Amino acid sequence: MIAFDNVAYSYGGGELLSEVSLSLAPGSFHFLTGPSGSGKSTLLKLCYAELLPTAGQITIFDRDARGLSRDDVARVRRRIGVVHQDCQFLDHLPVATNVTLPLAVTRRETSAQDLEDLLAWVGLSHLAGAMPPELSGGERQRAAVARAVIMSPDVLLADEPTGNLDWEMSVRLLTLLVELNRMGKTIVIATHDMNLIRMAKSQVATRVLRIKDRRVQLAGADL
Amino acid sequence: MIRSILADMTPDPAADRVVPPTGHTAWLTQFTAGVMAFLAVFALALSMAAGRLADRWEDALARTATIRISAPEDQMQVQTEAVLALLSTTPGIAEARALSDDEQRALLAPWFGPDLPLDELPIPRLIELTEDGEGYDSEGLRQRLAAEAPGAILDDHDRWRRPLAIAAGRLQALGFGAVVLILAATGAVISLAAKASLASNDQVIRVLRQIGARDTYIARAFVRRFTLRALSGAAAGTLAGLVVLWLMPSGGDAAGFLTGLGFEGFGWLWAWTLPILSAAIAFAATRATAFAKLGTMR
């Protein structure tokens, strides 16, 4: 689905990622770890063509990322759901509208029942009409997951989704992501929460990738 | 192209709602478009009035000429009759007649008053002639007049008609140029307002791009908004300008150019092209600005 072939990414004169080769197979579950500033978010942005590699090649759904037109990039992103740590909602729109935004921009519609089911799945039925600033951190993350999956994407990328959540809420969010993986979605979670990774490994087969010295390595069994 | 424009302007409440309303740019755009249209109405009126004036002068002066006979009193009648006889045989002249004393008195009254003793003053006799469709050979006529009536001088008005026509033509061009400049200024201001709006909605645009919105979808939300603002503002400004013009006192031809500033007949409809032009300019300016902004992000 998404493959990196000897990819490097430089920013401001310094190389942030180097010699990265990896492949995200359909239905796989990956964790991406590494210290703050190691390039986890950058690697995720490379996955959905927000950034382009300075060397090497990234293939997204069998297309070279560099060859994608702006419309192609938009189409690719409809197949990749992204959950950011800060959620990135449009604060002037209610939660339900934010969740259905990916459908609106592609001029598709969803039934009220499907939307209700989705919000119930993430436990936000009672907050459909609330405005994003009224939500707690955990509610915002779950709403972000709902928005990320409403287009039924093939891949879901989550950048530090539990960074601002307590353990109980983190487990709840992880459960949602594991459920999505069981539905066949490819999941990539960037996190430095080792407990979360251990919890996930007890539920689903995962690969843990660690960014160290600008390179991506497969983490050892100590996790 | 037309399909794309229609698509851009088709109401889409869901898409419009995505971009939060921005109060200051909204009223600034409408106000600017309104003021510019108000000024453009006057510039257009000036241009059209100057055009009418030039046409009137052309029509009134181009088809007529005057022969002035300055001769001793005892020869005046003889020379007048000789000139009239000569004119009657000159090709290209439809009509020629000597002005009566009353008519000459009326011409001089504005300068000398109504009680002018015409008989006591050595006033030249005036003969007014009107061309037919072909026109006459003015140089040939001058030579024949010199031979048959030495005191007769042909004035075909060309000496003062030309600078007047040039002046009126330049005034017309000036008015038209002012309309173009005003519309260009409208485009520049709307472009700046759109740029400010796009900058203040940077995060919204990034989110939309990230969830898979195409550039056209994002641009449309801004283009539609600014185009409609420019259209409504310019329509209000045009209406206000037309009302003011309509309320201006009408003094008829005698009152001169200023009271003739306005539109006649279908000219009133021309003014309504201004809101349409403003909207078209806003459409193009916002679209260009939006795509330039979107081009800076992936």
# chains A, B, ... in the order shown; residues from 1 in each chain; ligands from 1
>>> residues_around(residues="range 98-111 of chain A", least_positions_apart="4", cutoff="7 Å", atoms="only C-alpha atoms", output="list in words")
Phe89, Leu90, Leu93, Pro94, Leu115, Ala143, Ala146, Arg147, Ile150 and Met151 of chain A; Ile211, Gly212, Ala213 and Tyr217 of chain B
>>> interface_residues(of="chain A", to="chain B", cutoff="6 Å", atoms="only C-alpha atoms", output="number ranges by chain")
A: 50, 71, 74, 77-78, 102, 105
>>> select_by_dssp(residues="range 35-212 of chain A", states="helix (DSSP H, G or I)", output="ChimeraX atom specification")
/A:40-47,65-67,70-77,95-99,101-105,112-121,125-127,132-134,137-149,167-182,194-201
>>> residues_around(residues="Val188 in chain A", least_positions_apart="2", cutoff="12 Å", atoms="only C-alpha atoms", output="ChimeraX atom specification")
/A:2,23-33,40-41,43-45,47-48,80-83,154-161,174,177-178,180-181,185-186,190-191,197,206-209
>>> closest_residue(among="A:Ser170, A:Gln203, A:Ser21, A:Asn195", to="Arg182 in chain A", atoms="only C-alpha atoms")
A:Gln203
